[in-house]
Amino acid sequence: MRKSGLLITLFFLAIGVSAQTKTGIIKGRLVYTSCASVVVEILSDEYYYLGQEEWEAPNDHSETYQHVFLVKNRCDFLRKSIGLGEEFEFVVEGDNGKNTGCVQCLMYDSPPHTRLTIDVVKRKNNGQ
């Protein structure tokens with residue numbers, strides 16, 4: 001009984017450690033933004049698995065995107081002033097409560113189910 005308890009504890013510890021590690025640099029594009037959601041499309045094919053396979057933009061459902069995710073730390077992201085359609089590079093961070101103190105509207109606009117906390121490391125258009 002003690003061995004199985006120890007194994008379960010080690011398993012959850014390993015999951016917690018892996019959730020806090022950063023990825024390599026990923027290329028992405030801002031494809032949707034509202035007062036409630038910021039959606040990024042992953043352009044680096046080796047990281048497609050991190051995003052939702054397919055998602056329809058809620059505005060008119062005529063645009064479908066692949067390999068997308070909802071940015072969990074939207075206020076940090078919005079401070080970077082990245083424009084719609086702009087490409088940038090980022091790393092995925094562990095969920096460390098970065099979105100605390102962020103005011104967000106309660107509108108539901110059918111965002112992707114996949115949610116990631118990211119850190120923008122380089123903007124493609126102006127090299128920041």
# chains A, B, ... in the order shown; residues from 1 in each chain; ligands from 1

call {"tool": "residues_around", "arguments": {"residues": "Asp109 in chain A", "least_positions_apart": "3", "cutoff": "8 Å", "atoms": "only C-alpha atoms", "output": "list of chain:residue names"}}
result
A:Ala36, A:Ser37, A:Pro58

call {"tool": "write_last_selection", "arguments": {"atoms": "C-alpha atoms", "output": "compact mmCIF listing (two decimals), in the first residue's frame"}}
result
# COMPACT_ATOMS: atom_id res chain seq x y z
CA ALA A 36 -12.78 38.26 -23.42
CA SER A 37 -10.41 36.29 -25.66
CA PRO A 58 -17.08 33.50 -33.59

call {"tool": "residues_around", "arguments": {"residues": "range 69-78 of chain A", "least_positions_apart": "6", "cutoff": "7 Å", "atoms": "only C-alpha atoms", "output": "ChimeraX atom specification"}}
result
/A:37-41,51-52,98-99,102,111-112,114-118

call {"tool": "write_last_selection", "arguments": {"atoms": "N, CA and C atoms", "output": "short mmCIF file (atom, residue, chain, number, x, y, z; two decimals), in the first residue's frame"}}
result
data_model
loop_
_atom_site.label_atom_id
_atom_site.label_comp_id
_atom_site.auth_asym_id
_atom_site.auth_seq_id
_atom_site.Cartn_x
_atom_site.Cartn_y
_atom_site.Cartn_z
N SER A 37 -11.28 37.34 -25.12
CA SER A 37 -10.41 36.29 -25.66
C SER A 37 -9.29 36.84 -26.52
N VAL A 38 -8.15 36.17 -26.43
CA VAL A 38 -7.02 36.40 -27.34
C VAL A 38 -6.65 35.03 -27.87
N VAL A 39 -6.73 34.85 -29.20
CA VAL A 39 -6.48 33.55 -29.81
C VAL A 39 -5.27 33.62 -30.73
N VAL A 40 -4.37 32.66 -30.55
CA VAL A 40 -3.13 32.59 -31.32
C VAL A 40 -3.11 31.29 -32.12
N GLU A 41 -2.67 31.39 -33.36
CA GLU A 41 -2.47 30.22 -34.23
C GLU A 41 -1.00 29.85 -34.20
N GLY A 51 -1.88 23.03 -29.76
CA GLY A 51 -3.09 23.78 -30.04
C GLY A 51 -4.30 22.91 -30.34
N GLN A 52 -5.46 23.55 -30.35
CA GLN A 52 -6.69 22.88 -30.74
C GLN A 52 -6.63 22.69 -32.26
N LYS A 98 0.11 34.10 -13.63
CA LYS A 98 0.48 35.37 -14.26
C LYS A 98 -0.71 36.26 -14.56
N ASN A 99 -1.89 35.72 -14.64
CA ASN A 99 -3.06 36.50 -15.05
C ASN A 99 -3.78 37.13 -13.86
N CYS A 102 -5.99 40.83 -13.60
CA CYS A 102 -6.34 41.21 -14.97
C CYS A 102 -7.86 41.33 -15.09
N PRO A 111 -14.34 30.60 -27.33
CA PRO A 111 -12.89 30.50 -27.57
C PRO A 111 -12.45 29.05 -27.70
N PRO A 112 -11.23 28.83 -28.17
CA PRO A 112 -10.71 27.45 -28.22
C PRO A 112 -10.67 26.85 -26.82
N THR A 114 -8.32 24.81 -25.77
CA THR A 114 -6.93 24.76 -25.33
C THR A 114 -6.51 26.15 -24.85
N ARG A 115 -5.92 26.18 -23.65
CA ARG A 115 -5.48 27.44 -23.05
C ARG A 115 -4.02 27.32 -22.63
N LEU A 116 -3.22 28.33 -22.99
CA LEU A 116 -1.80 28.32 -22.67
C LEU A 116 -1.37 29.67 -22.11
N THR A 117 -0.41 29.63 -21.20
CA THR A 117 0.25 30.84 -20.71
C THR A 117 1.53 30.99 -21.52
N ILE A 118 1.71 32.16 -22.14
CA ILE A 118 2.87 32.33 -23.02
C ILE A 118 3.65 33.59 -22.67
#

call {"tool": "closest_residue", "arguments": {"among": "A:His113, A:Thr23, A:Met107, A:Val120", "to": "Arg79 in chain A", "atoms": "only C-alpha atoms"}}
result
A:Val120

call {"tool": "residues_around", "arguments": {"residues": "Trp55 in chain A", "least_positions_apart": "2", "cutoff": "7 Å", "atoms": "only C-alpha atoms", "output": "PyMOL selection string"}}
result
chain A and resi 57+64-66+112

call {"tool": "select_by_dssp", "arguments": {"residues": "range 10-120 of chain A", "states": "alpha helix (DSSP H)", "output": "ChimeraX atom specification"}}
result
/A:10-19,74-78

call {"tool": "atom_distance", "arguments": {"atom1": "CA of Asp119 in chain A", "atom2": "CA of Glu63 in chain A"}}
result
26.0 Å

call {"tool": "closest_residue", "arguments": {"among": "A:Ser62, A:Gly94, A:Gly24, A:Tyr32", "to": "Val121 in chain A", "atoms": "only C-alpha atoms"}}
result
A:Gly24

call {"tool": "decode", "arguments": {"residues": "range 64-82 of chain A", "atoms": "N, CA and C atoms", "output": "PDB file, in the first residue's frame"}}
result
ATOM      1  N   THR A  64     -11.868  29.671 -40.449  1.00  0.00           N
ATOM      2  CA  THR A  64     -11.485  28.522 -39.643  1.00  0.00           C
ATOM      3  C   THR A  64      -9.971  28.524 -39.510  1.00  0.00           C
ATOM      4  N   TYR A  65      -9.502  28.317 -38.289  1.00  0.00           N
ATOM      5  CA  TYR A  65      -8.065  28.296 -38.016  1.00  0.00           C
ATOM      6  C   TYR A  65      -7.686  26.933 -37.454  1.00  0.00           C
ATOM      7  N   GLN A  66      -6.435  26.562 -37.673  1.00  0.00           N
ATOM      8  CA  GLN A  66      -5.930  25.286 -37.168  1.00  0.00           C
ATOM      9  C   GLN A  66      -4.819  25.533 -36.159  1.00  0.00           C
ATOM     10  N   HIS A  67      -4.702  24.632 -35.205  1.00  0.00           N
ATOM     11  CA  HIS A  67      -3.632  24.651 -34.202  1.00  0.00           C
ATOM     12  C   HIS A  67      -3.640  25.962 -33.423  1.00  0.00           C
ATOM     13  N   VAL A  68      -4.762  26.253 -32.789  1.00  0.00           N
ATOM     14  CA  VAL A  68      -4.942  27.510 -32.061  1.00  0.00           C
ATOM     15  C   VAL A  68      -5.101  27.268 -30.566  1.00  0.00           C
ATOM     16  N   PHE A  69      -4.918  28.329 -29.800  1.00  0.00           N
ATOM     17  CA  PHE A  69      -5.137  28.268 -28.356  1.00  0.00           C
ATOM     18  C   PHE A  69      -5.563  29.634 -27.847  1.00  0.00           C
ATOM     19  N   LEU A  70      -6.205  29.630 -26.705  1.00  0.00           N
ATOM     20  CA  LEU A  70      -6.591  30.841 -26.003  1.00  0.00           C
ATOM     21  C   LEU A  70      -5.431  31.248 -25.093  1.00  0.00           C
ATOM     22  N   VAL A  71      -5.032  32.487 -25.140  1.00  0.00           N
ATOM     23  CA  VAL A  71      -3.956  32.987 -24.285  1.00  0.00           C
ATOM     24  C   VAL A  71      -4.521  33.207 -22.882  1.00  0.00           C
ATOM     25  N   LYS A  72      -3.987  32.473 -21.909  1.00  0.00           N
ATOM     26  CA  LYS A  72      -4.475  32.581 -20.531  1.00  0.00           C
ATOM     27  C   LYS A  72      -4.055  33.895 -19.883  1.00  0.00           C
ATOM     28  N   ASN A  73      -2.853  34.349 -20.142  1.00  0.00           N
ATOM     29  CA  ASN A  73      -2.349  35.588 -19.561  1.00  0.00           C
ATOM     30  C   ASN A  73      -2.546  36.743 -20.548  1.00  0.00           C
ATOM     31  N   ARG A  74      -3.810  36.992 -20.880  1.00  0.00           N
ATOM     32  CA  ARG A  74      -4.160  37.950 -21.927  1.00  0.00           C
ATOM     33  C   ARG A  74      -3.678  39.365 -21.641  1.00  0.00           C
ATOM     34  N   CYS A  75      -3.694  39.810 -20.389  1.00  0.00           N
ATOM     35  CA  CYS A  75      -3.245  41.176 -20.088  1.00  0.00           C
ATOM     36  C   CYS A  75      -1.755  41.345 -20.356  1.00  0.00           C
ATOM     37  N   ASP A  76      -0.955  40.358 -19.978  1.00  0.00           N
ATOM     38  CA  ASP A  76       0.477  40.401 -20.292  1.00  0.00           C
ATOM     39  C   ASP A  76       0.679  40.441 -21.800  1.00  0.00           C
ATOM     40  N   PHE A  77      -0.088  39.635 -22.508  1.00  0.00           N
ATOM     41  CA  PHE A  77       0.023  39.571 -23.964  1.00  0.00           C
ATOM     42  C   PHE A  77      -0.386  40.899 -24.597  1.00  0.00           C
ATOM     43  N   LEU A  78      -1.499  41.472 -24.158  1.00  0.00           N
ATOM     44  CA  LEU A  78      -1.999  42.711 -24.758  1.00  0.00           C
ATOM     45  C   LEU A  78      -1.056  43.887 -24.531  1.00  0.00           C
ATOM     46  N   ARG A  79      -0.274  43.844 -23.472  1.00  0.00           N
ATOM     47  CA  ARG A  79       0.723  44.905 -23.227  1.00  0.00           C
ATOM     48  C   ARG A  79       1.807  44.928 -24.296  1.00  0.00           C
ATOM     49  N   LYS A  80       1.963  43.855 -25.034  1.00  0.00           N
ATOM     50  CA  LYS A  80       2.973  43.787 -26.104  1.00  0.00           C
ATOM     51  C   LYS A  80       2.512  44.510 -27.364  1.00  0.00           C
ATOM     52  N   SER A  81       1.245  44.918 -27.419  1.00  0.00           N
ATOM     53  CA  SER A  81       0.669  45.665 -28.559  1.00  0.00           C
ATOM     54  C   SER A  81       0.837  44.938 -29.886  1.00  0.00           C
ATOM     55  N   ILE A  82       0.599  43.654 -29.891  1.00  0.00           N
ATOM     56  CA  ILE A  82       0.669  42.865 -31.118  1.00  0.00           C
ATOM     57  C   ILE A  82      -0.642  43.023 -31.867  1.00  0.00           C
TER      58      ILE A  82
END
